[in-house]
Amino acid sequence: MAKESKKNKKTIHHTQIPKTPTGITGLDEITGGGLPAARPTLICGEAGCGKTLISLEFIVKGATEFNEPGVFMAFEEKAEELSMNVGSLGFNLEQMQKDKKLKIDYVHIDRSEIEETGEYDLDGLFIRLNHAIDSIGAKRVVLDTIENLFAGLTNQAILRAEIRRLFQWLKEKGVTAIVTGEKGEGASLTRQGLEEYVSDCVILLDHRVINQISTRRLRIVKYRGSMHGTNEYPFLIDEDGISVLPVTSLQLEKEVSSERVSTGIPALDKMLGGKGFFKGGSVLVSGTAGTGKTSIAACFANDICSKGKKCMYFAFEESPSQIVRNMRSINVDLKKHMENGLLQFQASRPTLHGLEQHLVAIHKVIKKFRPDAVVLDPITNLITVGSVSDVKSMLIRLIDFLQEEQITVLFTALSLNNIVNEQTDEGVSSLVDAWILVRDIEFNGERNRGMYIMKSRGMKHSNQVREFVITDKGIDLVDVYLGPDGVLTGSAREAQILQEQTGKVLRNNAMSMKDREILRKRKILEAKIASLQSEFESAEEELNKIYIEEELVKKVTDGNRDEMLKRRGGGEEVAGKNGKK
Amino acid sequence: MKTKECKYELRLYIAGKTAKSQTALANLHKYCEEYLEGEYKIEVIDLLVKPQLAEGDQIFAVPTLVRKVPEPIRKIIGDLSNEEKVLVGLNIRPANKK
């Protein structure tokens, strides 16, 4: 006891009562640390909802993980039966009994061999229990199910008084006890009203079948002196025991990464700012039937594995071998990754179990395999096992979980061929970080695939429609042509390319003709310019000639006048001279 | 192992010397003397002293009277105050009083 409370002190907050961890996945999270220590807890529910298993796991985990031996007092099953029943879960009860970690005490009550006369009490049971507890130093006790006493004994007054005393005694003994009880009729939790006696913690298990699919759920009805989750939590019984999924205790506090993960399609990476998705992000690929959603998913998985990282592929529609075969046709070899252990397929029909159980199962395998990326193909099929809102809430929780684990997830979703549905693919389009839409473009008598990025949070991305082609070599994206009649794809695109090529040749030809003409014109003009030049020169010469003549005349007349003046001034000599001349 | 004359082997489980166990023991002695004289053997087991014995005979209430021999095992719980029931339970009456 001292050891136990010491251990609990480490984990409790100041206002919380001491708790005993159950070791059952998820249950400790819901209860905020476990069951109330040194007090009895009632687990009730219908037949076959897992009461015995949950209480046995409490004992086994206590013995193996917390070093707290336990006593299992069985009123229903014999020790050997119990060991056999839980042997498939990997609990070796016989070995544990030998190791003094566990004691199973089977209380056989057979009404046919019992007579009651007069007063009695259940001290025999107390002594047995006490002996069992003391012999191994048990800290945990399970009574499964004490209501069987009511079937074997008739004196209710004694029984009720004794059961009350038993619970009191268990508290005094300082053991953490689980008492199981069958669900009673109507509103009462147990058939014999055990909840009256156990006032500290009551857990109700439920097993519901909706649409032919069963889901087990757990709810804490009351937990005195402690905070606890109040919702119904789904739980799963599988080869590892019980897992409870605290699905709504998740918070929006996860870390984010700015690391990028390639999509596996280089052209798509280019559309997403050249690098691809964010690591730990969620991607939705939606599209109508046959648009290549699985191919995109396979390319992504292939790329992850090629980089030596692990990928987990949840297939809800096709079997792994079918996917491997189909993807080989587009040059994506998934088989080698499977052999290397990098790729793991988890194929299951959605109708295998309920949504919650799918979620629990996905959680478990992811925790085990620890992949870097997860593919769910397709989520649409989950709708067959739940309503749209159920699927949405499941996917929210899945995305939250994966983001917390920094796992990139790619969903594919089938959408029907109408606009309304495009906006509401299982209602998850608002949750995901990136949404790629693949759709058919029907035009010109053929069907082609177009790809858009509807959104991609936190990164630059292309707003262009790309044509998405699947060839023997893989997936590629091609720019679509925006012709006068709208978007052109497929053969129309090819035709447009050819047409444009022809146009180019013609244009080139026209260009060269024009060039030559210009050259010719230039030559003509140049020739004209030369002739005008010479014309101008001759005109200039003409004008110059007149000017020179005038100058000459002026010179001559000037000379003559000078001569005349000289002659007048110098007498005959000047005249004579002139006369001589 | 026991002597063959012992037609009836009875065990009375008690938990300490309580009023109930004393009543039961007294009643048992009375009935045995009356109906099974010389043919019986009574073993009283105090579970406070030997708690490990409770499991073997599937004892959960005290006092409990267990008829080990003859087979089948019969159990009578309570202080044995109802003579009729004890005798029916031990299957004594039909054997002696036809």
# chains A, B, ... in the order shown; residues from 1 in each chain; ligands from 1
>>> select_by_dssp(residues="region 342-497 of chain A", states="helix (DSSP H, G or I)", output="PyMOL selection string")
chain A and resi 350-352+355-369+379-385+388-404+419-423+425-427+490-497
>>> closest_atom_pairs(of="region 182-257 of chain A", to="region 139-153 of chain A", cutoff="12 Å", atoms="only C-alpha atoms", output="Markdown table")
| residue | atom | partner | partner_atom | distance |
| --- | --- | --- | --- | --- |
| A:Glu182 | CA | A:Glu147 | CA | 7.8 |
| A:Lys183 | CA | A:Glu147 | CA | 10.7 |
| A:Gly184 | CA | A:Glu147 | CA | 11.1 |
| A:Thr190 | CA | A:Glu147 | CA | 8.9 |
| A:Arg191 | CA | A:Glu147 | CA | 7.9 |
| A:Gln192 | CA | A:Glu147 | CA | 6.8 |
| A:Gly193 | CA | A:Glu147 | CA | 9.5 |
| A:Leu194 | CA | A:Glu147 | CA | 8.2 |
| A:Glu195 | CA | A:Glu147 | CA | 11.7 |
>>> closest_residue(among="A:Leu519, A:Gly50, A:Ala161, A:Arg219", to="Val86 (chain A)", atoms="only C-alpha atoms")
A:Gly50
>>> closest_residue(among="A:Leu125, A:Leu42, A:Val209, A:Ala510", to="chain B", atoms="only C-alpha atoms")
A:Leu125
>>> residues_around(residues="Asn82 (chain B)", least_positions_apart="3", cutoff="12 Å", atoms="only C-alpha atoms", output="VMD selection string")
(chain A and resid 115 to 119) or (chain B and resid 23 to 24 27 to 28 31 76 to 79 85 to 89)
>>> select_by_dssp(residues="region 467-571 of chain A", states="strand (DSSP E or B)", output="number ranges by chain")
A: 467-471, 474-479, 481-483, 486-488
>>> write_last_selection(atoms="C-alpha atoms", output="PDB file, in the first residue's frame")
ATOM      1  CA  GLU A 467      -4.572  17.293 -67.687  1.00  0.00           C
ATOM      2  CA  PHE A 468      -3.645  14.179 -65.912  1.00  0.00           C
ATOM      3  CA  VAL A 469      -2.411  11.329 -68.055  1.00  0.00           C
ATOM      4  CA  ILE A 470      -1.728   7.782 -66.983  1.00  0.00           C
ATOM      5  CA  THR A 471       0.725   5.976 -69.175  1.00  0.00           C
ATOM      6  CA  GLY A 474       3.533   6.419 -64.769  1.00  0.00           C
ATOM      7  CA  ILE A 475       1.505   9.495 -64.102  1.00  0.00           C
ATOM      8  CA  ASP A 476       2.198  12.850 -65.641  1.00  0.00           C
ATOM      9  CA  LEU A 477       0.481  16.146 -65.818  1.00  0.00           C
ATOM     10  CA  VAL A 478       0.108  18.141 -68.993  1.00  0.00           C
ATOM     11  CA  ASP A 479      -1.030  21.719 -69.392  1.00  0.00           C
ATOM     12  CA  TYR A 481      -5.197  24.114 -73.713  1.00  0.00           C
ATOM     13  CA  LEU A 482      -7.616  26.891 -73.372  1.00  0.00           C
ATOM     14  CA  GLY A 483      -9.014  27.139 -76.832  1.00  0.00           C
ATOM     15  CA  GLY A 486     -13.043  26.237 -73.618  1.00  0.00           C
ATOM     16  CA  VAL A 487     -10.631  23.795 -72.089  1.00  0.00           C
ATOM     17  CA  LEU A 488      -9.115  21.322 -74.509  1.00  0.00           C
TER      18      LEU A 488
END
>>> atom_distance(atom1="CA of Tyr106 (chain A)", atom2="CA of Ile237 (chain A)")
24.0 Å
>>> closest_residue(among="A:Lys335, A:His131, A:Arg160, A:Arg568", to="Lys50 (chain B)", atoms="only C-alpha atoms")
A:His131
>>> interface_residues(of="chain B", to="chain A", cutoff="9 Å", atoms="only C-alpha atoms", output="tab-separated table (two decimals) with all heavy atoms, in the first residue's frame")
chain	number	residue	atom	x	y	z
B	13	TYR	N	-17.63	-26.13	8.92
B	13	TYR	CA	-16.72	-24.99	8.77
B	13	TYR	C	-17.25	-23.83	9.58
B	13	TYR	O	-18.41	-23.44	9.42
B	13	TYR	CB	-16.59	-24.58	7.31
B	13	TYR	CG	-15.79	-25.54	6.47
B	13	TYR	CD1	-16.40	-26.61	5.83
B	13	TYR	CD2	-14.41	-25.36	6.32
B	13	TYR	CE1	-15.66	-27.49	5.05
B	13	TYR	CE2	-13.67	-26.22	5.55
B	13	TYR	CZ	-14.30	-27.28	4.91
B	13	TYR	OH	-13.55	-28.13	4.15
B	14	ILE	N	-16.42	-23.28	10.42
B	14	ILE	CA	-16.82	-22.10	11.19
B	14	ILE	C	-15.71	-21.06	11.10
B	14	ILE	O	-14.60	-21.34	10.64
B	14	ILE	CB	-17.09	-22.44	12.68
B	14	ILE	CG1	-15.84	-23.09	13.30
B	14	ILE	CG2	-18.31	-23.34	12.83
B	14	ILE	CD1	-15.88	-23.20	14.80
B	15	ALA	N	-16.07	-19.87	11.49
B	15	ALA	CA	-15.06	-18.80	11.52
B	15	ALA	C	-15.04	-18.22	12.91
B	15	ALA	O	-15.80	-17.31	13.23
B	15	ALA	CB	-15.41	-17.73	10.48
B	20	LYS	N	-23.20	-17.97	16.22
B	20	LYS	CA	-23.78	-18.79	15.16
B	20	LYS	C	-23.08	-20.14	15.06
B	20	LYS	O	-23.72	-21.18	14.91
B	20	LYS	CB	-23.67	-18.05	13.82
B	20	LYS	CG	-24.89	-17.21	13.53
B	20	LYS	CD	-24.74	-16.45	12.24
B	20	LYS	CE	-23.86	-15.25	12.46
B	20	LYS	NZ	-23.98	-14.16	11.49
B	21	SER	N	-21.77	-20.11	15.17
B	21	SER	CA	-21.06	-21.38	15.02
B	21	SER	C	-21.29	-22.29	16.21
B	21	SER	O	-21.39	-23.51	16.08
B	21	SER	CB	-19.55	-21.12	14.79
B	21	SER	OG	-19.02	-20.40	15.87
B	47	LEU	N	-11.97	-21.64	10.08
B	47	LEU	CA	-11.30	-21.01	8.94
B	47	LEU	C	-10.36	-19.88	9.37
B	47	LEU	O	-9.47	-19.50	8.62
B	47	LEU	CB	-12.33	-20.47	7.95
B	47	LEU	CG	-13.12	-21.57	7.22
B	47	LEU	CD1	-14.17	-20.93	6.33
B	47	LEU	CD2	-12.19	-22.44	6.38
B	48	LEU	N	-10.58	-19.37	10.54
B	48	LEU	CA	-9.66	-18.33	10.99
B	48	LEU	C	-8.29	-18.93	11.25
B	48	LEU	O	-7.28	-18.26	11.12
B	48	LEU	CB	-10.18	-17.67	12.27
B	48	LEU	CG	-11.44	-16.80	12.13
B	48	LEU	CD1	-11.77	-16.14	13.46
B	48	LEU	CD2	-11.24	-15.74	11.06
B	51	PRO	N	-7.30	-20.87	6.95
B	51	PRO	CA	-8.07	-20.25	5.85
B	51	PRO	C	-7.89	-20.97	4.51
B	51	PRO	O	-8.75	-20.93	3.66
B	51	PRO	CB	-7.53	-18.83	5.79
B	51	PRO	CG	-6.21	-18.88	6.46
B	51	PRO	CD	-6.27	-19.98	7.47
B	52	GLN	N	-6.76	-21.64	4.35
B	52	GLN	CA	-6.50	-22.28	3.06
B	52	GLN	C	-7.47	-23.41	2.76
B	52	GLN	O	-7.61	-23.83	1.61
B	52	GLN	CB	-5.04	-22.76	2.98
B	52	GLN	CG	-4.68	-23.90	3.91
B	52	GLN	CD	-4.34	-23.42	5.32
B	52	GLN	OE1	-4.63	-22.29	5.70
B	52	GLN	NE2	-3.73	-24.30	6.11
B	53	LEU	N	-8.16	-23.89	3.76
B	53	LEU	CA	-9.07	-25.02	3.54
B	53	LEU	C	-10.41	-24.58	2.93
B	53	LEU	O	-11.18	-25.39	2.44
B	53	LEU	CB	-9.33	-25.76	4.85
B	53	LEU	CG	-8.11	-26.48	5.43
B	53	LEU	CD1	-8.48	-27.14	6.74
B	53	LEU	CD2	-7.58	-27.51	4.45
B	54	ALA	N	-10.67	-23.29	2.97
B	54	ALA	CA	-11.96	-22.81	2.49
B	54	ALA	C	-12.15	-23.09	1.00
B	54	ALA	O	-13.24	-23.40	0.53
B	54	ALA	CB	-12.08	-21.31	2.75
B	55	GLU	N	-11.06	-22.99	0.25
B	55	GLU	CA	-11.16	-23.14	-1.19
B	55	GLU	C	-11.54	-24.56	-1.59
B	55	GLU	O	-12.35	-24.77	-2.48
B	55	GLU	CB	-9.83	-22.74	-1.83
B	55	GLU	CG	-10.00	-22.20	-3.20
B	55	GLU	CD	-8.68	-21.75	-3.80
B	55	GLU	OE1	-7.82	-21.27	-3.05
B	55	GLU	OE2	-8.52	-21.92	-5.01
B	58	GLN	N	-15.11	-25.27	-1.33
B	58	GLN	CA	-15.94	-24.20	-1.88
B	58	GLN	C	-16.82	-23.56	-0.81
B	58	GLN	O	-18.03	-23.46	-0.95
B	58	GLN	CB	-16.79	-24.72	-3.05
B	58	GLN	CG	-16.01	-24.95	-4.32
B	58	GLN	CD	-15.46	-23.66	-4.89
B	58	GLN	OE1	-15.85	-22.56	-4.50
B	58	GLN	NE2	-14.53	-23.77	-5.81
B	59	ILE	N	-16.18	-23.13	0.24
B	59	ILE	CA	-16.92	-22.49	1.31
B	59	ILE	C	-16.96	-20.99	1.07
B	59	ILE	O	-15.93	-20.38	0.77
B	59	ILE	CB	-16.23	-22.75	2.68
B	59	ILE	CG1	-16.04	-24.25	2.93
B	59	ILE	CG2	-17.04	-22.11	3.82
B	59	ILE	CD1	-17.30	-25.06	2.82
B	60	PHE	N	-18.10	-20.43	1.12
B	60	PHE	CA	-18.17	-18.97	1.06
B	60	PHE	C	-19.01	-18.39	2.19
B	60	PHE	O	-18.95	-17.23	2.49
B	60	PHE	CB	-18.69	-18.50	-0.29
B	60	PHE	CG	-19.97	-19.16	-0.71
B	60	PHE	CD1	-21.19	-18.64	-0.36
B	60	PHE	CD2	-19.92	-20.33	-1.45
B	60	PHE	CE1	-22.35	-19.27	-0.75
B	60	PHE	CE2	-21.08	-20.97	-1.83
B	60	PHE	CZ	-22.30	-20.43	-1.48
B	61	ALA	N	-19.83	-19.27	2.80
B	61	ALA	CA	-20.63	-18.78	3.92
B	61	ALA	C	-20.28	-19.61	5.15
B	61	ALA	O	-19.84	-20.75	5.01
B	61	ALA	CB	-22.11	-18.92	3.61
B	62	VAL	N	-20.41	-19.01	6.30
B	62	VAL	CA	-20.21	-19.77	7.53
B	62	VAL	C	-21.39	-19.53	8.44
B	62	VAL	O	-21.98	-18.46	8.42
B	62	VAL	CB	-18.90	-19.39	8.25
B	62	VAL	CG1	-17.71	-19.98	7.55
B	62	VAL	CG2	-18.78	-17.88	8.39
B	63	PRO	N	-21.77	-20.48	9.24
B	63	PRO	CA	-21.21	-21.84	9.24
B	63	PRO	C	-21.76	-22.67	8.08
B	63	PRO	O	-22.87	-22.47	7.64
B	63	PRO	CB	-21.67	-22.41	10.58
B	63	PRO	CG	-22.80	-21.54	11.02
B	63	PRO	CD	-22.76	-20.26	10.28
B	64	THR	N	-20.93	-23.58	7.60
B	64	THR	CA	-21.36	-24.49	6.55
B	64	THR	C	-21.07	-25.92	6.98
B	64	THR	O	-19.95	-26.23	7.41
B	64	THR	CB	-20.61	-24.22	5.22
B	64	THR	OG1	-20.91	-22.91	4.80
B	64	THR	CG2	-21.03	-25.21	4.13
B	72	PRO	N	-23.41	-37.89	-3.03
B	72	PRO	CA	-22.66	-36.69	-3.41
B	72	PRO	C	-22.52	-35.73	-2.24
B	72	PRO	O	-23.26	-35.80	-1.27
B	72	PRO	CB	-23.54	-36.10	-4.49
B	72	PRO	CG	-24.92	-36.49	-4.11
B	72	PRO	CD	-24.79	-37.85	-3.48
B	73	ILE	N	-21.59	-34.81	-2.42
B	73	ILE	CA	-21.35	-33.83	-1.38
B	73	ILE	C	-22.58	-32.93	-1.25
B	73	ILE	O	-23.15	-32.50	-2.24
B	73	ILE	CB	-20.11	-32.99	-1.75
B	73	ILE	CG1	-18.87	-33.87	-1.62
B	73	ILE	CG2	-19.99	-31.76	-0.86
B	73	ILE	CD1	-17.60	-33.23	-2.06
B	74	ARG	N	-22.97	-32.74	-0.01
B	74	ARG	CA	-24.07	-31.81	0.24
B	74	ARG	C	-23.59	-30.73	1.18
B	74	ARG	O	-22.74	-30.97	2.03
B	74	ARG	CB	-25.26	-32.55	0.88
B	74	ARG	CG	-25.87	-33.66	0.06
B	74	ARG	CD	-26.54	-33.12	-1.17
B	74	ARG	NE	-27.57	-32.13	-0.84
B	74	ARG	CZ	-28.84	-32.24	-1.22
B	74	ARG	NH1	-29.24	-33.30	-1.90
B	74	ARG	NH2	-29.71	-31.31	-0.91
B	75	LYS	N	-24.17	-29.56	1.01
B	75	LYS	CA	-23.78	-28.45	1.90
B	75	LYS	C	-25.01	-27.85	2.53
B	75	LYS	O	-26.04	-27.69	1.89
B	75	LYS	CB	-23.08	-27.34	1.10
B	75	LYS	CG	-21.68	-27.68	0.73
B	75	LYS	CD	-21.08	-26.51	-0.02
B	75	LYS	CE	-19.88	-26.99	-0.79
B	75	LYS	NZ	-19.60	-26.10	-1.91
B	76	ILE	N	-24.88	-27.56	3.79
B	76	ILE	CA	-25.95	-26.87	4.48
B	76	ILE	C	-25.35	-25.65	5.14
B	76	ILE	O	-24.40	-25.76	5.94
B	76	ILE	CB	-26.59	-27.78	5.55
B	76	ILE	CG1	-27.11	-29.05	4.87
B	76	ILE	CG2	-27.73	-27.06	6.26
B	76	ILE	CD1	-27.31	-30.18	5.81
B	77	ILE	N	-25.84	-24.50	4.76
B	77	ILE	CA	-25.29	-23.30	5.38
B	77	ILE	C	-26.30	-22.73	6.35
B	77	ILE	O	-27.51	-22.89	6.21
B	77	ILE	CB	-24.85	-22.26	4.32
B	77	ILE	CG1	-26.01	-21.87	3.41
B	77	ILE	CG2	-23.71	-22.78	3.50
B	77	ILE	CD1	-25.62	-20.83	2.40
B	78	GLY	N	-25.76	-22.10	7.37
B	78	GLY	CA	-26.61	-21.52	8.40
B	78	GLY	C	-26.35	-22.18	9.73
B	78	GLY	O	-25.48	-23.05	9.84
B	79	ASP	N	-27.09	-21.75	10.73
B	79	ASP	CA	-26.83	-22.26	12.08
B	79	ASP	C	-27.54	-23.58	12.35
B	79	ASP	O	-27.62	-24.03	13.50
B	79	ASP	CB	-27.17	-21.20	13.14
B	79	ASP	CG	-28.62	-20.77	13.06
B	79	ASP	OD1	-29.40	-21.43	12.33
B	79	ASP	OD2	-28.97	-19.77	13.70
B	80	LEU	N	-28.08	-24.20	11.31
B	80	LEU	CA	-28.70	-25.52	11.40
B	80	LEU	C	-29.89	-25.52	12.36
B	80	LEU	O	-30.22	-26.54	12.98
B	80	LEU	CB	-27.69	-26.58	11.84
B	80	LEU	CG	-26.36	-26.62	11.07
B	80	LEU	CD1	-25.45	-27.67	11.66
B	80	LEU	CD2	-26.58	-26.87	9.60
B	81	SER	N	-30.55	-24.39	12.47
B	81	SER	CA	-31.63	-24.31	13.44
B	81	SER	C	-32.90	-25.04	12.97
B	81	SER	O	-33.72	-25.44	13.77
B	81	SER	CB	-31.96	-22.85	13.76
B	81	SER	OG	-32.18	-22.16	12.55
B	82	ASN	N	-33.03	-25.25	11.68
B	82	ASN	CA	-34.22	-25.93	11.17
B	82	ASN	C	-33.92	-27.41	11.00
B	82	ASN	O	-33.26	-27.83	10.04
B	82	ASN	CB	-34.61	-25.27	9.84
B	82	ASN	CG	-35.92	-25.80	9.30
B	82	ASN	OD1	-36.26	-26.96	9.54
B	82	ASN	ND2	-36.62	-24.96	8.59
B	83	GLU	N	-34.41	-28.19	11.91
B	83	GLU	CA	-34.08	-29.61	11.94
B	83	GLU	C	-34.50	-30.32	10.66
B	83	GLU	O	-33.75	-31.09	10.07
B	83	GLU	CB	-34.75	-30.27	13.14
B	83	GLU	CG	-34.35	-31.71	13.31
B	83	GLU	CD	-34.98	-32.32	14.57
B	83	GLU	OE1	-35.33	-31.56	15.48
B	83	GLU	OE2	-35.12	-33.54	14.61
B	85	LYS	N	-34.88	-29.21	7.66
B	85	LYS	CA	-34.03	-28.91	6.52
B	85	LYS	C	-32.68	-29.59	6.61
B	85	LYS	O	-32.13	-30.05	5.61
B	85	LYS	CB	-33.83	-27.39	6.40
B	85	LYS	CG	-34.95	-26.71	5.64
B	85	LYS	CD	-34.51	-25.34	5.22
B	85	LYS	CE	-35.48	-24.76	4.22
B	85	LYS	NZ	-35.13	-23.39	3.86
B	86	VAL	N	-32.15	-29.64	7.79
B	86	VAL	CA	-30.84	-30.28	7.97
B	86	VAL	C	-30.94	-31.76	7.61
B	86	VAL	O	-30.10	-32.30	6.88
B	86	VAL	CB	-30.33	-30.12	9.41
B	86	VAL	CG1	-29.02	-30.86	9.60
B	86	VAL	CG2	-30.17	-28.64	9.76
B	88	VAL	N	-33.14	-33.24	5.73
B	88	VAL	CA	-33.33	-33.39	4.28
B	88	VAL	C	-32.02	-33.16	3.55
B	88	VAL	O	-31.62	-33.92	2.67
B	88	VAL	CB	-34.42	-32.42	3.78
B	88	VAL	CG1	-34.47	-32.41	2.25
B	88	VAL	CG2	-35.77	-32.81	4.35
B	89	GLY	N	-31.34	-32.10	4.02
B	89	GLY	CA	-30.08	-31.75	3.38
B	89	GLY	C	-29.05	-32.86	3.50
B	89	GLY	O	-28.32	-33.16	2.55
>>> residues_around(residues="Ala434 (chain A)", least_positions_apart="4", cutoff="12 Å", atoms="only C-alpha atoms", output="PyMOL selection string")
chain A and resi 263+271-272+276-286+408-412+428-430+452-461
>>> write_last_selection(atoms="N, CA and C atoms", output="short mmCIF file (atom, residue, chain, number, x, y, z; two decimals), in the first residue's frame")
data_model
loop_
_atom_site.label_atom_id
_atom_site.label_comp_id
_atom_site.auth_asym_id
_atom_site.auth_seq_id
_atom_site.Cartn_x
_atom_site.Cartn_y
_atom_site.Cartn_z
N THR A 263 4.97 14.34 -53.67
CA THR A 263 3.74 13.61 -53.99
C THR A 263 4.02 12.35 -54.80
N MET A 271 3.19 21.89 -59.13
CA MET A 271 1.97 22.67 -58.88
C MET A 271 1.87 23.12 -57.43
N LEU A 272 2.50 22.34 -56.55
CA LEU A 272 2.44 22.66 -55.12
C LEU A 272 3.71 23.40 -54.71
N GLY A 276 5.83 19.76 -52.96
CA GLY A 276 4.90 18.73 -52.51
C GLY A 276 4.16 19.13 -51.25
N PHE A 277 3.63 18.12 -50.57
CA PHE A 277 2.81 18.37 -49.38
C PHE A 277 3.69 18.69 -48.18
N PHE A 278 3.03 19.20 -47.14
CA PHE A 278 3.72 19.35 -45.87
C PHE A 278 3.77 18.00 -45.17
N LYS A 279 4.86 17.76 -44.50
CA LYS A 279 4.95 16.53 -43.71
C LYS A 279 3.97 16.64 -42.54
N GLY A 280 3.25 15.58 -42.32
CA GLY A 280 2.25 15.61 -41.26
C GLY A 280 0.95 16.25 -41.67
N GLY A 281 0.87 16.61 -42.93
CA GLY A 281 -0.36 17.22 -43.42
C GLY A 281 -1.34 16.16 -43.89
N SER A 282 -2.52 16.62 -44.19
CA SER A 282 -3.51 15.68 -44.69
C SER A 282 -3.94 16.12 -46.08
N VAL A 283 -4.07 15.16 -46.94
CA VAL A 283 -4.35 15.44 -48.33
C VAL A 283 -5.58 14.65 -48.73
N LEU A 284 -6.47 15.29 -49.41
CA LEU A 284 -7.64 14.59 -49.91
C LEU A 284 -7.56 14.58 -51.43
N VAL A 285 -7.67 13.40 -51.99
CA VAL A 285 -7.75 13.28 -53.44
C VAL A 285 -9.16 12.80 -53.72
N SER A 286 -9.93 13.65 -54.35
CA SER A 286 -11.29 13.20 -54.62
C SER A 286 -11.56 13.24 -56.11
N THR A 408 2.05 11.95 -42.56
CA THR A 408 1.32 12.52 -43.68
C THR A 408 0.24 11.54 -44.10
N VAL A 409 -0.93 12.04 -44.35
CA VAL A 409 -2.01 11.12 -44.72
C VAL A 409 -2.64 11.56 -46.03
N LEU A 410 -2.92 10.58 -46.84
CA LEU A 410 -3.59 10.84 -48.10
C LEU A 410 -4.86 10.02 -48.15
N PHE A 411 -5.97 10.73 -48.26
CA PHE A 411 -7.25 10.05 -48.40
C PHE A 411 -7.65 10.09 -49.86
N THR A 412 -8.32 9.07 -50.28
CA THR A 412 -8.99 9.22 -51.56
C THR A 412 -10.48 9.14 -51.28
N VAL A 428 -15.09 16.30 -45.32
CA VAL A 428 -13.73 16.41 -44.81
C VAL A 428 -12.93 17.45 -45.56
N SER A 429 -13.51 17.99 -46.62
CA SER A 429 -12.70 18.91 -47.42
C SER A 429 -12.26 20.11 -46.60
N SER A 430 -13.02 20.45 -45.57
CA SER A 430 -12.60 21.59 -44.77
C SER A 430 -11.54 21.20 -43.75
N TYR A 452 -7.13 19.51 -60.50
CA TYR A 452 -7.07 20.85 -59.95
C TYR A 452 -6.53 20.73 -58.53
N ILE A 453 -5.94 21.77 -58.07
CA ILE A 453 -5.67 21.84 -56.64
C ILE A 453 -6.70 22.79 -56.08
N MET A 454 -7.64 22.24 -55.33
CA MET A 454 -8.72 23.07 -54.80
C MET A 454 -8.19 23.93 -53.68
N LYS A 455 -7.33 23.33 -52.88
CA LYS A 455 -6.72 24.15 -51.84
C LYS A 455 -5.43 23.49 -51.38
N SER A 456 -4.57 24.28 -50.84
CA SER A 456 -3.35 23.76 -50.27
C SER A 456 -2.88 24.80 -49.28
N ARG A 457 -3.13 24.48 -48.02
CA ARG A 457 -2.87 25.48 -46.99
C ARG A 457 -1.38 25.76 -46.84
N GLY A 458 -1.10 27.03 -46.70
CA GLY A 458 0.25 27.43 -46.32
C GLY A 458 1.30 27.27 -47.38
N MET A 459 0.91 27.17 -48.62
CA MET A 459 1.94 27.12 -49.66
C MET A 459 1.40 27.70 -50.94
N LYS A 460 2.33 28.14 -51.77
CA LYS A 460 1.95 28.66 -53.06
C LYS A 460 1.53 27.46 -53.92
N HIS A 461 0.44 27.58 -54.58
CA HIS A 461 0.07 26.48 -55.46
C HIS A 461 -0.60 26.99 -56.72
#
